[in-house]
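Visitor: Structure incoming, see below.
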Amino acid sequence: MILAGGQGSRLRPYTDDRPKPMVEIPGTGTPIIGHQLVWLAEEGVTDVVVSCGHLAEVLQDWLKAADLPVDVRTVVETEPLGRGGGLKYAAAQLPRPDKAWYATNGDIWTRFSLRDMADFHTERDAVATLALARPRIPWGPCRRMGSGMSRTSSSRRRRSTRSMRGVYVFSPEFAGLLPERGDHERTTFPHLARELRLAGFPIPQGAYWRAIDTAKDLTEAAKELAALGR
């Protein structure tokens, strides 16, 4: 699942006429979501649900016209349900609800092994596994324990060695634990952490990751991808 419903206000004016995942990374001719779909296909993903909201029709039109490496269906959130509620709403459209599934924020560009992350998730019998990496960013701090299980905190002041990077693996029962409305990071994740069913997967050092939040991020991503020869 790709979570693509945000308004992307910090990336204006690029998002005045398109959702954030449809913003092109300079020099590539491809929107953020296009890079994500290629990565997912390379990692063995065959079906993708895209959760849409802001200017959904622009994203839907592009998906219909593009030559995609995976099968894609879209789900449009017609009223604000919060991050957890929106995730639950879209999860109802997963083609294989009895199987574990990946989710990724629609505004990141990354490359690392999802297969390794899925194996990590299975080995720890987790219900949810979060991709974690350094350096610390000012949201989503996690304290990772030796077993690979994680504690989470909503405090922005708390120091942390690793932070959530917007990529997840969820077991089938996760969707049933999500709120109908509200934020799963304040409800479902803390519940799983207390039960030691929330795991933190450390993204390998040197793996590429970039959140596209501002115009500066677009410029930096273009430079980094050029250096990587992509």
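We label chains A, B, ... in the order they appear in the structure tokens, count residues from 1 in each chain, and number ligands from 1 in the order shown.
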Give me the stretch 42-107 of chain A side of the contact with stretch 177-193 of chain A, cut-off 7 Å, one line per residue showing its nearest atom pair and distance in Å at one decimal, counting only C-alpha atoms, sorted by chain and residue number, as a tab-separated table.

Guide:
residue	atom	partner	partner_atom	distance
A:Leu81	CA	A:Arg181	CA	4.7
A:Gly82	CA	A:Gly182	CA	4.4
A:Arg83	CA	A:Asp183	CA	5.0
A:Gly84	CA	A:His184	CA	4.3
A:Gly85	CA	A:Arg181	CA	4.1
A:Lys88	CA	A:Leu178	CA	5.9

Visitor: Generate the output file for the selected residues, all heavy atoms, as an mmCIF file, in the first residue's frame.

Guide:
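Writing the result to again_30.cif gives the following:
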data_model
loop_
_atom_site.group_PDB
_atom_site.id
_atom_site.type_symbol
_atom_site.label_atom_id
_atom_site.label_comp_id
_atom_site.auth_asym_id
_atom_site.auth_seq_id
_atom_site.Cartn_x
_atom_site.Cartn_y
_atom_site.Cartn_z
ATOM 1 N N LEU A 81 -10.284 10.786 7.870
ATOM 2 C CA LEU A 81 -10.401 9.711 8.853
ATOM 3 C C LEU A 81 -9.199 9.636 9.785
ATOM 4 O O LEU A 81 -9.178 8.807 10.691
ATOM 5 C CB LEU A 81 -10.550 8.358 8.126
ATOM 6 C CG LEU A 81 -11.769 8.201 7.222
ATOM 7 C CD1 LEU A 81 -11.696 6.880 6.462
ATOM 8 C CD2 LEU A 81 -13.047 8.293 8.027
ATOM 9 N N GLY A 82 -8.213 10.503 9.572
ATOM 10 C CA GLY A 82 -6.975 10.402 10.326
ATOM 11 C C GLY A 82 -6.077 9.354 9.692
ATOM 12 O O GLY A 82 -6.515 8.556 8.853
ATOM 13 N N ARG A 83 -4.830 9.343 10.085
ATOM 14 C CA ARG A 83 -3.882 8.419 9.451
ATOM 15 C C ARG A 83 -4.253 6.957 9.676
ATOM 16 O O ARG A 83 -4.191 6.139 8.762
ATOM 17 C CB ARG A 83 -2.469 8.701 9.960
ATOM 18 C CG ARG A 83 -1.911 10.021 9.460
ATOM 19 C CD ARG A 83 -0.452 10.191 9.793
ATOM 20 N NE ARG A 83 -0.216 10.227 11.235
ATOM 21 C CZ ARG A 83 1.007 10.299 11.778
ATOM 22 N NH1 ARG A 83 2.073 10.304 11.001
ATOM 23 N NH2 ARG A 83 1.149 10.357 13.086
ATOM 24 N N GLY A 84 -4.646 6.632 10.910
ATOM 25 C CA GLY A 84 -5.015 5.255 11.200
ATOM 26 C C GLY A 84 -6.316 4.854 10.538
ATOM 27 O O GLY A 84 -6.435 3.760 9.975
ATOM 28 N N GLY A 85 -7.316 5.759 10.580
ATOM 29 C CA GLY A 85 -8.594 5.476 9.948
ATOM 30 C C GLY A 85 -8.458 5.339 8.439
ATOM 31 O O GLY A 85 -9.086 4.469 7.821
ATOM 32 N N LYS A 88 -6.901 1.977 7.653
ATOM 33 C CA LYS A 88 -7.887 0.903 7.807
ATOM 34 C C LYS A 88 -8.850 0.871 6.616
ATOM 35 O O LYS A 88 -9.178 -0.203 6.094
ATOM 36 C CB LYS A 88 -8.670 1.108 9.103
ATOM 37 C CG LYS A 88 -9.620 -0.029 9.461
ATOM 38 C CD LYS A 88 -10.385 0.300 10.735
ATOM 39 C CE LYS A 88 -11.213 -0.879 11.225
ATOM 40 N NZ LYS A 88 -10.370 -1.920 11.826
#

Visitor: Using backbone DSSP assignments, extract all strand (DSSP E) residues from stretch 5-224 of chain A; output them as a ChimeraX atom specification.

Guide: /A:47-52,71-76,101-105,108-111,128-133,141-144,150-152,162-170,198-202,208-211

Visitor: Create the file for the chosen residues now, containing C-alpha atoms and written as a PDB file, in the first residue's frame.

Guide:
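Result file result-v4.pdb:
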ATOM      1  CA  ASP A  47      -0.231  -5.684  -6.425  1.00  0.00           C
ATOM      2  CA  VAL A  48      -0.416  -2.173  -4.981  1.00  0.00           C
ATOM      3  CA  VAL A  49      -3.286  -0.269  -3.358  1.00  0.00           C
ATOM      4  CA  VAL A  50      -2.805   3.507  -3.528  1.00  0.00           C
ATOM      5  CA  SER A  51      -4.683   5.441  -0.841  1.00  0.00           C
ATOM      6  CA  CYS A  52      -5.594   8.827  -2.373  1.00  0.00           C
ATOM      7  CA  ASP A  71      -1.159  -4.037 -10.815  1.00  0.00           C
ATOM      8  CA  VAL A  72      -2.555  -0.935  -9.112  1.00  0.00           C
ATOM      9  CA  ARG A  73      -5.939  -0.061  -7.659  1.00  0.00           C
ATOM     10  CA  THR A  74      -6.811   3.235  -5.981  1.00  0.00           C
ATOM     11  CA  VAL A  75      -8.929   4.006  -2.924  1.00  0.00           C
ATOM     12  CA  VAL A  76     -10.149   7.563  -2.346  1.00  0.00           C
ATOM     13  CA  TRP A 101       1.628  -6.591   3.458  1.00  0.00           C
ATOM     14  CA  TYR A 102       3.942  -3.637   3.009  1.00  0.00           C
ATOM     15  CA  ALA A 103       2.995   0.010   3.380  1.00  0.00           C
ATOM     16  CA  THR A 104       5.010   3.073   2.457  1.00  0.00           C
ATOM     17  CA  ASN A 105       4.467   6.812   2.686  1.00  0.00           C
ATOM     18  CA  ILE A 108       9.718   9.060   0.162  1.00  0.00           C
ATOM     19  CA  TRP A 109      12.282   7.704  -2.254  1.00  0.00           C
ATOM     20  CA  THR A 110      14.321   4.810  -0.966  1.00  0.00           C
ATOM     21  CA  ARG A 111      16.106   1.606  -1.905  1.00  0.00           C
ATOM     22  CA  ALA A 128       3.922  -4.488  12.745  1.00  0.00           C
ATOM     23  CA  THR A 129       7.524  -3.772  11.763  1.00  0.00           C
ATOM     24  CA  LEU A 130       8.835  -0.238  11.205  1.00  0.00           C
ATOM     25  CA  ALA A 131      11.846   0.654   9.083  1.00  0.00           C
ATOM     26  CA  LEU A 132      14.295   2.614  11.260  1.00  0.00           C
ATOM     27  CA  ALA A 133      17.436   4.556  10.446  1.00  0.00           C
ATOM     28  CA  PRO A 141      11.368   8.459  17.838  1.00  0.00           C
ATOM     29  CA  CYS A 142      11.782   4.780  18.653  1.00  0.00           C
ATOM     30  CA  ARG A 143      13.883   2.981  21.224  1.00  0.00           C
ATOM     31  CA  ARG A 144      14.958  -0.312  19.726  1.00  0.00           C
ATOM     32  CA  SER A 150      10.644  -1.372  19.674  1.00  0.00           C
ATOM     33  CA  ARG A 151       9.198   1.131  22.092  1.00  0.00           C
ATOM     34  CA  THR A 152       7.745   4.305  20.591  1.00  0.00           C
ATOM     35  CA  ARG A 162      16.830   5.524  15.259  1.00  0.00           C
ATOM     36  CA  SER A 163      13.604   6.935  13.826  1.00  0.00           C
ATOM     37  CA  MET A 164      10.717   5.746  11.705  1.00  0.00           C
ATOM     38  CA  ARG A 165      11.308   6.090   7.966  1.00  0.00           C
ATOM     39  CA  GLY A 166       7.834   5.590   6.524  1.00  0.00           C
ATOM     40  CA  VAL A 167       8.098   1.950   5.396  1.00  0.00           C
ATOM     41  CA  TYR A 168       6.255  -0.841   7.204  1.00  0.00           C
ATOM     42  CA  VAL A 169       5.431  -4.559   7.188  1.00  0.00           C
ATOM     43  CA  PHE A 170       2.065  -5.519   8.670  1.00  0.00           C
ATOM     44  CA  LEU A 198       6.073  -4.039  17.352  1.00  0.00           C
ATOM     45  CA  ALA A 199       9.482  -4.557  15.715  1.00  0.00           C
ATOM     46  CA  GLY A 200      12.072  -2.108  14.399  1.00  0.00           C
ATOM     47  CA  PHE A 201      14.013  -3.084  11.265  1.00  0.00           C
ATOM     48  CA  PRO A 202      17.294  -1.155  10.902  1.00  0.00           C
ATOM     49  CA  TYR A 208      19.404   5.317   0.009  1.00  0.00           C
ATOM     50  CA  TRP A 209      16.509   7.130   1.728  1.00  0.00           C
ATOM     51  CA  ARG A 210      15.064  10.586   1.204  1.00  0.00           C
ATOM     52  CA  ALA A 211      11.777  12.197   2.248  1.00  0.00           C
TER      53      ALA A 211
END

Visitor: Using only C-alpha atoms for the distances, tell me which of A:His121, A:Lys99, A:Lys223, A:Arg194 is nearest to A:Ala175.

Guide: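 Counting only C-alpha atoms, the residue closest to A:Ala175 is A:Lys99.
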
Visitor: From the DSSP assignment of the backbone, select every residue of chain A that is alpha helix (DSSP H), and format the answer as a PyMOL selection string.

Guide: chain A and resi 32-42+56-65+82-91+114-123+174-177+188-194+215-228

Visitor: Give the answer as one residue: which of A:Gly5, A:Gly44, A:Pro80, A:Pro13 has the shortest atom-to-atom distance to A:Ala118, using only C-alpha atoms?

Guide: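 Closest to A:Ala118, using only C-alpha atoms: A:Gly44.
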
Visitor: When distances are computed from only C-alpha atoms, which of A:Glu123, A:Ala92, A:Asp107, A:Val45 shows the smallest separation from A:Asp217?

Guide: A:Asp107

Visitor: Please list as a PyMOL selection string every residue within 9 Å of A:Gly34, counting only C-alpha atoms and excluding residues in the same chain fewer than 2 positions away.

Guide: chain A and resi 21-22+24+30-32+36-39+63+66+68

Visitor: Using atom CA of A:Lys20 and atom CA of A:Lys216 as the two end points, give the distance in Å to one decimal.

Guide: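 These two atoms are separated by 14.2 Å.
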
Visitor: Would you mind reading off the distance between atom CA of A:Arg197 and atom CA of A:Asp125, one decimal, in Å?

Guide: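 It comes out at 7.1 Å.
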
Visitor: Closest to A:Glu220 among A:Ala207, A:Ile25, A:Ile33, A:Leu196, using only C-alpha atoms?

Guide: A:Ile25

Visitor: Counting only C-alpha atoms, which of A:Glu42, A:Glu79, A:Asp17, A:Asp98 gets nearest to A:Leu55?

Guide: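 Checking each candidate against A:Leu55, we get A:Asp17 as the closest.
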
Visitor: Atom CA of A:Gly53 and atom CA of A:Glu77, how far apart in Å?

Guide: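 Atom CA of A:Glu77 sits 5.5 Å away from atom CA of A:Gly53.
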
Visitor: Kindly indicate which residue among A:Ala56, A:Met1, A:Ala90, A:Leu40 lies nearest to A:Pro69, using only C-alpha atoms for the distances.

Guide: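 Using only C-alpha atoms, the shortest distance to A:Pro69 belongs to A:Leu40.
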